[in-house]
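Engineer: One file is attached below, query-v2.tsv, containing TSV, C-alpha atoms and all ligand atoms.
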```tsv
chain	number	residue	atom	x	y	z
A	25	MET	CA	10.75	13.87	7.97
A	26	GLU	CA	11.83	11.70	10.90
A	27	GLY	CA	10.85	8.24	12.02
A	28	MET	CA	8.00	8.36	14.53
A	29	LEU	CA	8.33	5.27	16.69
A	30	LYS	CA	10.75	4.53	19.54
A	31	PRO	CA	13.93	2.62	18.54
A	32	GLY	CA	13.30	-1.12	18.88
A	33	SER	CA	9.52	-0.84	18.35
A	34	LEU	CA	9.62	-3.79	15.93
A	35	LYS	CA	12.46	-5.68	17.61
A	36	ASP	CA	12.34	-9.47	17.08
A	37	LYS	CA	9.42	-9.22	14.67
A	38	THR	CA	9.75	-10.80	11.26
A	39	ILE	CA	7.84	-8.99	8.55
A	40	ILE	CA	7.31	-10.00	4.92
A	41	VAL	CA	6.75	-7.16	2.45
A	42	THR	CA	5.52	-8.22	-1.00
A	43	GLY	CA	6.83	-5.91	-3.71
A	44	GLY	CA	9.42	-4.92	-1.11
A	45	GLY	CA	12.33	-4.24	-3.47
A	46	THR	CA	11.00	-0.97	-4.93
A	47	GLY	CA	8.94	2.13	-4.20
A	48	LEU	CA	6.76	2.29	-1.12
A	49	GLY	CA	7.45	-1.35	-0.19
A	50	LYS	CA	11.16	-0.58	0.01
A	51	SER	CA	10.59	2.58	2.08
A	52	MET	CA	8.33	0.77	4.55
A	53	GLY	CA	10.81	-2.12	4.76
A	54	LYS	CA	13.73	0.23	5.48
A	55	TYR	CA	11.90	1.76	8.41
A	56	PHE	CA	10.87	-1.66	9.77
A	57	LEU	CA	14.57	-2.60	9.70
A	58	GLU	CA	15.55	0.62	11.46
A	59	LEU	CA	13.04	-0.28	14.20
A	60	GLY	CA	14.67	-3.68	14.71
A	61	ALA	CA	12.57	-6.02	12.54
A	62	ASN	CA	13.87	-8.92	10.48
A	63	LEU	CA	12.75	-8.27	6.94
A	64	VAL	CA	11.74	-10.54	4.07
A	65	ILE	CA	11.24	-8.81	0.72
A	66	THR	CA	9.64	-10.52	-2.25
A	67	SER	CA	8.77	-9.74	-5.88
A	68	ARG	CA	9.37	-11.34	-9.26
A	69	LYS	CA	12.81	-9.85	-10.01
A	70	ALA	CA	15.55	-11.54	-7.96
A	71	GLU	CA	18.18	-9.05	-9.10
A	72	VAL	CA	16.17	-6.00	-8.01
A	73	LEU	CA	15.50	-7.65	-4.64
A	74	GLN	CA	19.16	-8.52	-4.08
A	75	HIS	CA	20.20	-4.98	-4.89
A	76	ALA	CA	17.56	-3.54	-2.54
A	77	ALA	CA	18.55	-5.93	0.27
A	78	THR	CA	22.19	-4.86	0.02
A	79	GLU	CA	21.25	-1.17	0.02
A	80	MET	CA	18.88	-1.59	2.95
A	81	THR	CA	21.28	-3.44	5.24
A	82	LYS	CA	24.07	-1.01	4.38
A	83	GLU	CA	21.85	1.92	5.33
A	84	LYS	CA	19.94	0.48	8.29
A	85	GLY	CA	21.79	-2.66	9.46
A	86	GLY	CA	19.74	-5.70	10.44
A	87	LYS	CA	18.81	-8.72	8.35
A	88	VAL	CA	17.02	-8.76	5.00
A	89	LEU	CA	16.09	-11.96	3.21
A	90	PRO	CA	15.27	-11.37	-0.47
A	91	ILE	CA	13.17	-14.14	-2.08
A	92	ALA	CA	11.88	-14.12	-5.66
A	93	CYS	CA	8.17	-14.90	-5.64
A	94	ASP	CA	5.31	-14.21	-8.02
A	95	VAL	CA	2.20	-13.55	-5.90
A	96	ARG	CA	0.09	-15.24	-8.59
A	97	LYS	CA	1.72	-18.58	-7.69
A	98	TYR	CA	0.49	-20.10	-4.45
A	99	ASP	CA	3.33	-22.62	-4.17
A	100	GLU	CA	5.90	-19.82	-4.46
A	101	ILE	CA	4.22	-17.97	-1.56
A	102	GLU	CA	4.28	-21.14	0.55
A	103	ASN	CA	7.98	-21.39	-0.27
A	104	VAL	CA	8.57	-17.83	0.99
A	105	ILE	CA	6.89	-18.71	4.28
A	106	LYS	CA	9.02	-21.86	4.60
A	107	LEU	CA	12.28	-20.03	3.87
A	108	ALA	CA	11.40	-17.08	6.14
A	109	GLU	CA	10.66	-19.45	9.04
A	110	ALA	CA	13.87	-21.40	8.40
A	111	GLU	CA	15.86	-18.15	8.60
A	112	PHE	CA	14.01	-16.27	11.36
A	113	GLY	CA	11.89	-18.86	13.23
A	114	GLN	CA	8.49	-17.19	13.22
A	115	ILE	CA	6.69	-14.70	10.98
A	116	HIS	CA	4.80	-11.88	12.71
A	117	GLY	CA	3.45	-9.72	9.92
A	118	ILE	CA	2.73	-9.50	6.21
A	119	VAL	CA	2.45	-6.31	4.17
A	120	ASN	CA	0.47	-7.02	1.00
A	121	ASN	CA	1.98	-4.26	-1.13
A	122	ALA	CA	2.72	-5.89	-4.53
A	123	ALA	CA	0.56	-4.50	-7.32
A	124	GLY	CA	0.30	-3.92	-11.04
A	125	ASN	CA	-1.70	-1.22	-12.82
A	126	PHE	CA	-2.03	0.64	-16.10
A	127	ILE	CA	-4.17	3.53	-17.22
A	128	SER	CA	-6.47	2.98	-20.18
A	129	PRO	CA	-10.04	3.57	-21.30
A	130	THR	CA	-11.73	0.35	-20.21
A	131	GLU	CA	-13.15	-0.41	-23.68
A	132	ARG	CA	-9.59	-0.57	-25.00
A	133	LEU	CA	-8.64	-3.36	-22.58
A	134	SER	CA	-8.76	-7.01	-23.49
A	135	HIS	CA	-10.21	-9.38	-20.93
A	136	ARG	CA	-6.68	-10.74	-20.50
A	137	ALA	CA	-5.35	-7.30	-19.58
A	138	PHE	CA	-8.09	-7.06	-16.97
A	139	ASP	CA	-7.08	-10.52	-15.67
A	140	ILE	CA	-3.44	-9.52	-15.30
A	141	VAL	CA	-4.18	-6.74	-12.82
A	142	VAL	CA	-6.82	-8.71	-10.91
A	143	ASP	CA	-4.47	-11.73	-10.72
A	144	ILE	CA	-1.68	-9.68	-9.14
A	145	VAL	CA	-3.61	-7.28	-6.92
A	146	LEU	CA	-6.65	-9.20	-5.74
A	147	LYS	CA	-5.70	-12.84	-6.21
A	148	GLY	CA	-2.07	-12.19	-5.23
A	149	THR	CA	-3.24	-10.61	-1.99
A	150	TYR	CA	-5.68	-13.34	-1.10
A	151	TYR	CA	-3.21	-16.09	-2.03
A	152	THR	CA	-0.60	-14.50	0.28
A	153	THR	CA	-3.19	-13.93	2.99
A	154	LEU	CA	-4.52	-17.47	2.78
A	155	ALA	CA	-1.07	-19.09	2.84
A	156	ALA	CA	0.11	-16.96	5.79
A	157	GLY	CA	-3.20	-17.20	7.65
A	158	LYS	CA	-3.40	-21.00	7.39
A	159	ASN	CA	0.18	-21.22	8.63
A	160	TRP	CA	-0.44	-18.96	11.63
A	161	ILE	CA	-3.71	-20.68	12.55
A	162	SER	CA	-2.23	-24.19	12.37
A	163	LYS	CA	0.69	-23.11	14.60
A	164	LYS	CA	-1.52	-21.05	16.96
A	165	GLN	CA	0.61	-17.97	16.29
A	166	PRO	CA	-0.71	-14.41	16.22
A	167	GLY	CA	-0.17	-12.29	13.12
A	168	THR	CA	-0.76	-8.92	11.51
A	169	PHE	CA	-1.80	-8.15	7.96
A	170	LEU	CA	-1.41	-4.73	6.42
A	171	ASN	CA	-2.89	-4.32	2.94
A	172	ILE	CA	-1.94	-1.36	0.76
A	173	VAL	CA	-5.04	-0.23	-1.13
A	174	THR	CA	-5.94	3.20	-2.57
A	175	THR	CA	-8.80	5.66	-2.04
A	176	TYR	CA	-10.51	4.59	-5.26
A	177	ALA	CA	-11.11	1.24	-3.53
A	178	TRP	CA	-14.33	2.91	-2.33
A	179	THR	CA	-14.89	5.77	-4.78
A	180	GLY	CA	-14.05	3.75	-7.88
A	181	SER	CA	-12.13	5.49	-10.69
A	182	GLY	CA	-12.31	5.67	-14.44
A	183	TYR	CA	-9.27	4.62	-16.48
A	184	VAL	CA	-7.94	2.23	-13.82
A	185	VAL	CA	-10.97	-0.03	-13.58
A	186	PRO	CA	-9.19	-3.40	-13.10
A	187	SER	CA	-7.14	-1.86	-10.30
A	188	ALA	CA	-10.22	-0.24	-8.71
A	189	CYS	CA	-12.10	-3.56	-8.75
A	190	SER	CA	-9.10	-5.37	-7.27
A	191	LYS	CA	-8.39	-2.84	-4.52
A	192	ALA	CA	-12.10	-2.83	-3.56
A	193	GLY	CA	-11.82	-6.61	-3.20
A	194	VAL	CA	-8.70	-6.28	-1.07
A	195	LEU	CA	-10.51	-3.84	1.21
A	196	ALA	CA	-13.41	-6.29	1.57
A	197	LEU	CA	-10.90	-9.05	2.38
A	198	THR	CA	-9.28	-6.80	5.02
A	199	ARG	CA	-12.55	-6.04	6.79
A	200	SER	CA	-13.94	-9.57	6.51
A	201	LEU	CA	-10.88	-11.29	7.96
A	202	ALA	CA	-10.44	-8.62	10.64
A	203	VAL	CA	-13.65	-10.05	12.09
A	204	GLU	CA	-13.32	-13.71	11.17
A	205	TRP	CA	-9.68	-14.23	12.19
A	206	ALA	CA	-9.62	-11.98	15.27
A	207	LYS	CA	-10.32	-15.11	17.31
A	208	TYR	CA	-6.92	-16.42	16.19
A	209	LYS	CA	-5.26	-13.12	17.24
A	210	ILE	CA	-4.76	-12.18	13.60
A	211	ARG	CA	-5.37	-8.50	12.87
A	212	SER	CA	-6.05	-7.05	9.41
A	213	ASN	CA	-5.76	-3.38	8.50
A	214	ALA	CA	-5.24	-1.33	5.36
A	215	ILE	CA	-3.63	1.92	4.30
A	216	ALA	CA	-5.02	3.97	1.42
A	217	PRO	CA	-2.22	6.23	0.18
A	218	GLY	CA	-2.82	9.28	-1.96
A	219	PRO	CA	-0.07	10.38	-4.35
A	220	PHE	CA	3.44	9.34	-3.28
A	221	PRO	CA	6.16	9.67	-5.91
A	222	THR	CA	7.52	6.28	-6.99
A	223	GLU	CA	8.96	4.97	-10.21
A	224	GLY	CA	6.19	2.37	-10.51
A	225	ALA	CA	3.19	4.55	-9.74
A	226	TRP	CA	4.30	7.63	-11.64
A	227	SER	CA	6.89	7.20	-14.36
A	228	ARG	CA	5.20	4.06	-15.65
A	229	LEU	CA	1.58	5.13	-15.10
A	230	LEU	CA	2.01	8.71	-16.29
A	231	PRO	CA	4.94	8.63	-18.75
A	232	GLY	CA	6.53	11.64	-20.45
A	233	ASP	CA	4.76	14.96	-20.00
A	234	LEU	CA	1.61	13.39	-18.54
A	235	ALA	CA	2.91	13.65	-14.96
A	236	LYS	CA	3.55	17.37	-15.50
A	237	LYS	CA	0.20	17.95	-17.17
A	238	PHE	CA	-1.74	16.15	-14.45
A	239	ASP	CA	0.40	17.27	-11.52
A	240	PRO	CA	-0.89	15.05	-8.66
A	241	ALA	CA	-0.01	17.70	-6.03
A	242	GLU	CA	-2.58	20.04	-7.56
A	243	ARG	CA	-5.43	17.71	-6.62
A	244	VAL	CA	-4.41	17.65	-2.96
A	245	PRO	CA	-5.75	20.35	-0.59
A	246	LEU	CA	-2.33	20.44	1.11
A	247	LYS	CA	-0.83	21.11	-2.35
A	248	ARG	CA	1.92	18.55	-2.04
A	249	VAL	CA	2.53	14.86	-2.52
A	250	GLY	CA	3.30	12.48	0.34
A	251	GLU	CA	6.74	11.78	1.77
A	252	HIS	CA	7.70	8.12	1.96
A	253	GLN	CA	8.61	8.43	5.64
A	254	GLU	CA	5.08	9.65	6.39
A	255	LEU	CA	3.69	6.42	4.98
A	256	ALA	CA	6.44	4.33	6.63
A	257	ASN	CA	5.55	5.85	10.01
A	258	LEU	CA	1.91	4.83	9.64
A	259	ALA	CA	2.81	1.35	8.37
A	260	ALA	CA	5.25	0.76	11.23
A	261	TYR	CA	2.61	1.80	13.76
A	262	LEU	CA	0.07	-0.61	12.24
A	263	MET	CA	2.61	-3.45	12.26
A	264	SER	CA	3.66	-2.73	15.85
A	265	ASP	CA	2.05	-3.72	19.15
A	266	TYR	CA	1.12	-0.06	19.72
A	267	SER	CA	-1.82	-0.63	17.35
A	268	ALA	CA	-2.88	-3.90	19.04
A	269	TYR	CA	-6.50	-2.67	19.32
A	270	VAL	CA	-6.73	-1.38	15.74
A	271	ASN	CA	-8.40	-4.04	13.60
A	272	GLY	CA	-10.40	-3.83	10.37
A	273	GLU	CA	-9.46	-0.21	9.78
A	274	VAL	CA	-8.43	1.51	6.57
A	275	ILE	CA	-6.39	4.64	7.20
A	276	THR	CA	-6.21	7.21	4.43
A	277	ILE	CA	-3.01	9.21	4.04
A	278	ASP	CA	-3.64	11.53	1.11
A	279	GLY	CA	-3.56	15.15	2.32
A	280	GLY	CA	-7.36	15.28	1.92
A	281	GLU	CA	-7.27	14.39	-1.79
A	282	TRP	CA	-10.27	12.10	-2.12
A	283	LEU	CA	-12.57	14.21	0.04
A	284	ARG	CA	-11.68	17.35	-1.87
A	285	ASN	CA	-12.48	15.73	-5.16
A	286	GLY	CA	-15.77	14.37	-3.84
A	287	GLY	CA	-16.95	17.70	-2.41
A	288	GLU	CA	-19.38	19.38	-4.81
A	289	PHE	CA	-18.05	22.89	-4.22
A	290	SER	CA	-14.39	22.11	-3.38
A	291	HIS	CA	-13.17	23.30	-6.79
A	292	LEU	CA	-14.27	26.84	-5.88
A	293	GLU	CA	-10.79	27.27	-4.41
A	294	ASN	CA	-9.92	28.44	-7.93
A	295	ILE	CA	-12.05	31.56	-7.47
A	296	PRO	CA	-9.82	34.58	-6.75
A	297	GLY	CA	-10.40	36.90	-3.79
A	298	GLU	CA	-11.68	39.77	-5.96
A	299	MET	CA	-14.42	37.57	-7.32
A	300	TRP	CA	-15.52	36.60	-3.80
A	301	ASP	CA	-15.67	40.36	-3.04
A	302	MET	CA	-17.89	40.85	-6.07
A	303	LEU	CA	-20.14	37.92	-5.14
A	304	GLU	CA	-20.55	39.36	-1.64
A	305	LYS	CA	-21.55	42.75	-3.07
A	306	MET	CA	-24.06	41.06	-5.40
A	307	ARG	CA	-25.64	39.39	-2.34
A	308	GLY	CA	-26.02	42.86	-0.89
A	309	LYS	CA	-23.64	42.42	2.06
B	401	LIG	P1	5.99	-0.18	-7.41
B	401	LIG	O1	7.34	0.29	-7.00
B	401	LIG	O2	5.76	-0.49	-8.84
B	401	LIG	O3	5.62	-1.43	-6.52
B	401	LIG	C1	4.96	-2.56	-6.98
B	401	LIG	C2	5.76	-3.78	-6.58
B	401	LIG	O4	4.98	-4.95	-6.84
B	401	LIG	C3	7.08	-3.93	-7.35
B	401	LIG	O5	8.12	-4.14	-6.42
B	401	LIG	C4	6.88	-5.18	-8.20
B	401	LIG	O6	8.11	-5.91	-8.34
B	401	LIG	C5	5.83	-5.94	-7.37
B	401	LIG	N1	5.05	-6.87	-8.20
B	401	LIG	C6	4.36	-6.59	-9.34
B	401	LIG	N2	3.81	-7.72	-9.81
B	401	LIG	C7	4.15	-8.72	-8.96
B	401	LIG	C8	3.90	-10.11	-8.92
B	401	LIG	N3	3.16	-10.73	-9.86
B	401	LIG	N4	4.40	-10.84	-7.89
B	401	LIG	C9	5.14	-10.23	-6.92
B	401	LIG	N5	5.42	-8.93	-6.91
B	401	LIG	C10	4.94	-8.17	-7.92
B	401	LIG	O7	4.88	0.94	-7.02
B	401	LIG	P2	4.52	1.67	-5.64
B	401	LIG	O8	4.05	3.02	-6.00
B	401	LIG	O9	5.63	1.53	-4.64
B	401	LIG	O10	3.25	0.84	-5.14
B	401	LIG	C11	3.24	0.10	-3.94
B	401	LIG	C12	1.80	-0.08	-3.47
B	401	LIG	O11	1.22	1.18	-3.14
B	401	LIG	C13	0.85	-0.70	-4.50
B	401	LIG	O12	-0.04	-1.58	-3.86
B	401	LIG	C14	0.10	0.50	-5.05
B	401	LIG	O13	-1.17	0.15	-5.57
B	401	LIG	C15	-0.03	1.32	-3.79
B	401	LIG	N6	-0.29	2.74	-4.02
B	401	LIG	C16	0.69	3.57	-4.47
B	401	LIG	C17	0.43	4.93	-4.63
B	401	LIG	C18	1.50	5.89	-5.06
B	401	LIG	O14	1.19	7.07	-5.25
B	401	LIG	N7	2.75	5.48	-5.20
B	401	LIG	C19	-0.86	5.42	-4.39
B	401	LIG	C20	-1.86	4.54	-3.97
B	401	LIG	C21	-1.55	3.21	-3.77
B	401	LIG	P3	8.46	-6.91	-9.58
B	401	LIG	O15	8.20	-6.16	-10.82
B	401	LIG	O16	9.90	-7.26	-9.35
B	401	LIG	O17	7.59	-8.11	-9.41
```
Translate the structure described by the file into structure tokens.
Ligand code: NAP
Structural biologist:
Amino acid sequence: MEGMLKPGSLKDKTIIVTGGGTGLGKSMGKYFLELGANLVITSRKAEVLQHAATEMTKEKGGKVLPIACDVRKYDEIENVIKLAEAEFGQIHGIVNNAAGNFISPTERLSHRAFDIVVDIVLKGTYYTTLAAGKNWISKKQPGTFLNIVTTYAWTGSGYVVPSACSKAGVLALTRSLAVEWAKYKIRSNAIAPGPFPTEGAWSRLLPGDLAKKFDPAERVPLKRVGEHQELANLAAYLMSDYSAYVNGEVITIDGGEWLRNGGEFSHLENIPGEMWDMLEKMRGK
């Protein structure tokens, strides 16, 4: 899978990716760098970030500023903005990608466990959005938000209820601010990925044999999982000026997964051809 945009499509743009040292955040960041952006990656683990920054610049060139920041701490986010501006002058875009999740029957969760996910995913996103938005508005600078949600932001999902509640909130934030802050030339969009293999989403969420037993590719009409570059292409487009008229949108990239699982008769794909022949005969065709 190749990069989609023209070389230099993100030249001179500074983009902050929360949770940018691992998984999808790292893949999006790498492609932003390749397209000429200055990159700021944040998460809690300084060592992981430093390692990722070294790998990224070695592979793609450009400049990466790694800054440890817990999205649950507003003052740490303000510090990221200050350091990013000191290094690169102006910030152009934020990708709210940091998240936490675990699978569990809801009745087994303590209220504190619920809080942990909501604090990272929903509060972390609105803290980052508020800090960056206030900064852009006070300086009369335009900006672009891209929020990484999931398709169960609108369908809901059992066994990941704190995450579903949080992502639904992030989607509401995206759409609300797309309207309210458009007057400041601040755009807000979201991506809802289907299954993309990452250490965080898979090995930790579905440990051991679980990932084999519940093979995510099987749920997808295209019968495969996503490639990171496919997501990076979409993210780069939404962060670039090519999408200047796209605002308040959530774009699903899931091979048709959520629609298939919502369609009442979609599971009939398991019926073999001979049985369809038999059904046709029974209808008298
Ligand atoms: P991941 O590698 O685990 O990414 C999560 C990142 O968030 C990590 O870098 C983590 O770094 C950071 N993080 C967690 N808590 C944080 C905190 N309190 N403050 C700052 N950073 C924090 O998993 P991923 O699969 O790439 O997920 C990336 C995004 O895609 C998430 O929003 C996820 O919900 C979404 N998504 C993924 C899939 C998929 O199939 N992979 C599907 C749908 C949606 P530290 O631990 O160092 O803080």
Engineer: Using only C-alpha atoms, determine which residues lie at most 7 Å from segment 51-62 of chain A, disregarding the query and same-chain residues fewer than 4 positions distant; provide the list as a list in words.
Structural biologist: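 The contact residues come out as Pro31, Gly32, Ser33, Leu34, Lys35, Asp36, Lys37, Thr38, Ile39, Val41, Gly44, Gly47, Met80, Lys84, Gly86, Lys87, Val88, His252, Ala256, Ala259 and Ala260 of chain A.
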Engineer: Specify the axis-aligned box that encloses all atoms of ligand LIG 401 (chain B) listed in the file after padding of 3 Å on each side, stating its centre and edge lengths in Å to one decimal as JSON.
Structural biologist:
```
{"center_x": 4.0, "center_y": -1.9, "center_z": -7.0, "size_x": 17.8, "size_y": 23.9, "size_z": 13.7}
```
Engineer: Between A:Ala108, A:Leu48, A:Leu292, A:Ala192, which residue has the minimum interatomic distance to ligand LIG 401 (chain B), considering all atoms listed in the file?
Structural biologist: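 Nearest candidate to ligand LIG 401 (chain B) out of A:Ala108, A:Leu48, A:Leu292, A:Ala192: A:Leu48.
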Engineer: Could you check which residues have any atom within 8 Å of (-10.0, 9.4, -0.2), counting all atoms listed in the file with coordinates taken straight from the file, and then list them as a tab-separated table (two decimals) with C-alpha atoms, in the coordinates of the input?
Structural biologist:
```tsv
chain	number	residue	atom	x	y	z
A	174	THR	CA	-5.94	3.20	-2.57
A	175	THR	CA	-8.80	5.66	-2.04
A	176	TYR	CA	-10.51	4.59	-5.26
A	179	THR	CA	-14.89	5.77	-4.78
A	216	ALA	CA	-5.02	3.97	1.42
A	218	GLY	CA	-2.82	9.28	-1.96
A	276	THR	CA	-6.21	7.21	4.43
A	278	ASP	CA	-3.64	11.53	1.11
A	280	GLY	CA	-7.36	15.28	1.92
A	281	GLU	CA	-7.27	14.39	-1.79
A	282	TRP	CA	-10.27	12.10	-2.12
A	283	LEU	CA	-12.57	14.21	0.04
```
Engineer: May I have the residues within 7 Å of Ile65 of chain A as a ChimeraX atom specification, using all atoms listed in the file and disregarding those fewer than 4 positions away in the same chain?
Structural biologist: /A:40-45,73,89-91
Engineer: Please identify all protein, DNA and RNA residues within 7 Å of ligand LIG 401 (chain B), counting all atoms listed in the file, and report them as a ChimeraX atom specification.
Structural biologist: /A:42-49,66-69,72,93-96,121-124,144,172-174,216-226
Engineer: What does the distance between atom CA of Lys158 of chain A and atom CA of Leu201 of chain A come to in Å, to one decimal place?
Structural biologist: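 Separating atom CA of Lys158 of chain A from atom CA of Leu201 of chain A is a distance of 12.3 Å.
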Engineer: Would you list the contacts of Tyr151 of chain A as number ranges by chain, taking every protein, DNA or RNA residue within 10 Å and counting all atoms listed in the file, but skipping same-chain residues closer than 6 positions in sequence?
Structural biologist: A: 95-99, 101-102, 143-144, 157
Engineer: Work out how far atom CA of Met263 of chain A is from atom CA of Leu170 of chain A, in Å to one decimal.
Structural biologist: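 We find that atom CA of Leu170 of chain A and atom CA of Met263 of chain A lie 7.2 Å from each other.
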Engineer: At what distance in Å, to one decimal, does atom CA of Leu63 of chain A lie from atom CA of Glu204 of chain A?
Structural biologist: 27.0 Å
Engineer: Using only C-alpha atoms, collect all residues at a distance of at most 12 Å from (-11.6, -9.7, 8.5) as written in the file, then present them as a PyMOL selection string.
Structural biologist: chain A and resi 150+153-154+157+168-171+194-214+271-274
Engineer: With distances taken over all atoms listed in the file, which residue among A:Val64, A:Ile161, A:Val145, A:Cys189 lies nearest Thr81 of chain A?
Structural biologist: A:Val64
